[in-house]
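*Asks:* Once you've had a glance at the structure underneath, I'll fire off some questions.
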Amino acid sequence: MKVLSIQSHVAYGHVGNASAVFPMQRLGVEVWPVHTVQFSNHTGYGKWRGRVFDGPAVEEVVQGVAERGALKHCDAVLSGYMGSADIGTAILRAVAAVRAANREALYCCDPVIGDTYAGVYVRPGIADFMRDQAVPAADILTPNQFELDLIAGTPTDTLAGAKAAVGAVQALGPMVVLVTSLVTAETPADSIDMMAGEGGAFWRVRTPRLDLKAVSGAGDAVAALYLVHYWRTRSAALALGMAAASIHGLLRRTAEAGAEELLTVEAQDEFVAPTNAFPVETV
């Protein structure tokens, strides 16, 4: 499998491509990372150094890859945080170029907009761009619950509401939706859910809630893991179980160490042979 991954990048820590690329490589995937930013660390620290690239810079790198004749071998495009609308446009142009070279290629969009704790943290216009342009172009969408609420425009505080929201998002274009960090009225206080929907069917995985410091990058890793497993199995349910097991293993190792960053390297065996498996329920 070969993946074009267009995301932010940090030198210290694991967010964006620094979180997504290595798990895919550990699973035997050839990854072509294109960075939308190059920062010293993620912005949650309050201070960082580095630069944001613009859309033309991203397009130039993708064009260079295309000139190697590689896009016909590209099986999927993965995107995450978009710092500006012109970067979003560059990503969608890359998706179009890959699909023109390989009609079977998938586009997995992690629609990074915000979360329950911080609210919307992207620049003005990005949420609209996601909903109006990126989401309709995607084959696979991996929102967290907060992002699902915004894109669908409906509440997800119950399982029925979450399923209805996924259906509303699928009507916009994506055939598969993975909802991460899902908490509904049916979720026990000591647990957290992930849910996937495809073709009118829904599946849920429930994992133990961890005593975890606020770490960034887990969503980037789970989107990458899910994309790889879905491409290989063509099953939203199987991919859900495998991605949930791996991300729980990564987060558990990080929690046990009390680390401020994901232990992506130290926990790498969790990507290929997770310590624990969790049942996938039809809901």
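Here's how to read the names in the structure tokens: chain A, B, ... by the order shown, residue numbers from 1 in each chain, ligand numbers from 1 in the order shown.
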List every residue of stretch 117-201 of chain A that has an atom at most 12 Å from any atom of stretch 222-246 of chain A, giving for each one its closest atom pair and the distance in Å to one decimal, counting only C-alpha atoms, sorted by chain and then by ascending residue number, as a Markdown table.
*Replies:*
| residue | atom | partner | partner_atom | distance |
| --- | --- | --- | --- | --- |
| A:Ala138 | CA | A:Leu227 | CA | 11.9 |
| A:Asp139 | CA | A:Leu227 | CA | 10.1 |
| A:Ile140 | CA | A:Leu227 | CA | 7.7 |
| A:Leu141 | CA | A:Ala223 | CA | 8.5 |
| A:Thr142 | CA | A:Ala223 | CA | 6.1 |
| A:Pro143 | CA | A:Ala223 | CA | 9.0 |
| A:Asn144 | CA | A:Ala223 | CA | 10.4 |
| A:Met175 | CA | A:Ala236 | CA | 9.8 |
| A:Val176 | CA | A:Ala236 | CA | 7.0 |
| A:Val177 | CA | A:Ala236 | CA | 8.5 |
| A:Leu178 | CA | A:Leu240 | CA | 7.7 |
| A:Val179 | CA | A:Leu240 | CA | 9.8 |
| A:Thr180 | CA | A:Val222 | CA | 8.4 |
| A:Ser181 | CA | A:Ala244 | CA | 10.6 |
| A:Ile192 | CA | A:Ala244 | CA | 10.7 |
| A:Asp193 | CA | A:Ala244 | CA | 9.2 |
| A:Met194 | CA | A:Ala244 | CA | 7.4 |
| A:Met195 | CA | A:Leu240 | CA | 7.5 |
| A:Ala196 | CA | A:Ala236 | CA | 6.3 |
| A:Gly197 | CA | A:Ala236 | CA | 6.9 |
| A:Glu198 | CA | A:Ala236 | CA | 6.4 |
| A:Gly199 | CA | A:Ala236 | CA | 9.5 |
| A:Gly200 | CA | A:Ala236 | CA | 11.4 |
| A:Ala201 | CA | A:Ala237 | CA | 9.3 |
*Asks:* Name the residues of stretch 110-175 of chain A that come out as strand (DSSP E) in a backbone DSSP run; write them as a list in words.
*Replies:* Gly114, Asp115, Gly119, Val120, Ile140 and Leu141 of chain A
*Asks:* I want to know what sits within 10 Å of A:Met24, based on only C-alpha atoms, with residues of the same chain fewer than 2 positions away left out; could you give that as a list of chain:residue names?
*Replies:*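 After dropping sequence-adjacent residues, the list is A:Met1, A:Lys2, A:Val3, A:Ser19, A:Ala20, A:Val21, A:Phe22, A:Arg26, A:Leu27, A:Gly28, A:Val29, A:Glu30, A:Val31, A:Ala221, A:Ala224, A:Leu225, A:Tyr226, A:Leu227, A:Val228, A:His229, A:Phe271, A:Val272.
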*Asks:* Please identify the helix (DSSP H, G or I) residues within stretch 29-177 of chain A (assignment by DSSP from backbone atoms) and present them as a VMD selection string.
*Replies:* chain A and resid 43 to 45 55 to 67 71 to 73 85 to 101 126 to 137 145 to 152 159 to 170
*Asks:* Could you list, as a CSV table (one decimal) with N, CA, C and O atoms, in the first residue's frame, every residue within 8 Å of A:Val166, counting only C-alpha atoms and ignoring same-chain residues fewer than 3 positions away?
*Replies:*
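Saved the output as out22.csv:
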chain,number,residue,atom,x,y,z
A,148,LEU,N,-18.3,15.9,14.4
A,148,LEU,CA,-19.5,15.3,13.8
A,148,LEU,C,-20.7,16.2,14.1
A,148,LEU,O,-21.5,16.4,13.2
A,152,ALA,N,-22.7,17.7,10.8
A,152,ALA,CA,-24.0,17.2,10.6
A,152,ALA,C,-25.1,18.2,11.0
A,152,ALA,O,-26.2,18.2,10.5
A,162,ALA,N,-26.3,9.9,17.3
A,162,ALA,CA,-25.0,9.8,16.7
A,162,ALA,C,-25.1,9.0,15.3
A,162,ALA,O,-24.5,9.4,14.3
A,163,LYS,N,-25.9,8.0,15.3
A,163,LYS,CA,-26.2,7.3,14.1
A,163,LYS,C,-26.9,8.2,13.0
A,163,LYS,O,-26.5,8.1,11.9
A,169,VAL,N,-24.0,12.9,7.5
A,169,VAL,CA,-22.7,13.2,6.9
A,169,VAL,C,-22.5,12.3,5.6
A,169,VAL,O,-22.0,12.8,4.6
A,170,GLN,N,-22.9,11.0,5.7
A,170,GLN,CA,-22.7,10.2,4.6
A,170,GLN,C,-23.5,10.7,3.4
A,170,GLN,O,-23.1,10.5,2.2
A,177,VAL,N,-17.8,6.5,7.7
A,177,VAL,CA,-17.5,7.5,8.7
A,177,VAL,C,-17.1,6.8,10.0
A,177,VAL,O,-17.8,5.9,10.5
A,197,GLY,N,-19.7,3.7,10.6
A,197,GLY,CA,-20.9,3.5,9.8
A,197,GLY,C,-20.6,3.3,8.3
A,197,GLY,O,-19.7,4.0,7.8
*Asks:* Select, from A:Val62, A:Leu182, A:Ile91, A:Ala277, the residue with the minimum atom-to-atom distance to A:Asp115, counting only C-alpha atoms.
*Replies:* A:Leu182
*Asks:* Could you give me, as a ChimeraX atom specification, the residues within 12 Å of A:Ile151, counting only C-alpha atoms and dropping anything in the same chain fewer than 3 positions from it?
*Replies:* /A:111-114,126-136,141-148,154-156,162,165-172,177
*Asks:* Quick one: distance from atom CA of A:Gly258 to atom CA of A:Val215 in Å, one decimal?
*Replies:* 10.2 Å
*Asks:* Atom CA of A:Gly161 and atom CA of A:Val280 are how many Å apart?
*Replies:*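 Value for the atom CA of A:Gly161-atom CA of A:Val280 distance: 19.5 Å.
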*Asks:* What's around stretch 38-50 of chain A at 7 Å? Count only C-alpha atoms, leave out sequence neighbours fewer than 6 positions away in its own chain, and write the answer as a VMD selection string.
*Replies:* chain A and resid 8 to 13 15
*Asks:* Give the answer as one residue: which of A:Asp211, A:Asp190, A:Asp220, A:Glu104 has the shortest atom-to-atom distance to A:Gly80, using only C-alpha atoms?
*Replies:*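 Closest candidate: A:Asp220.
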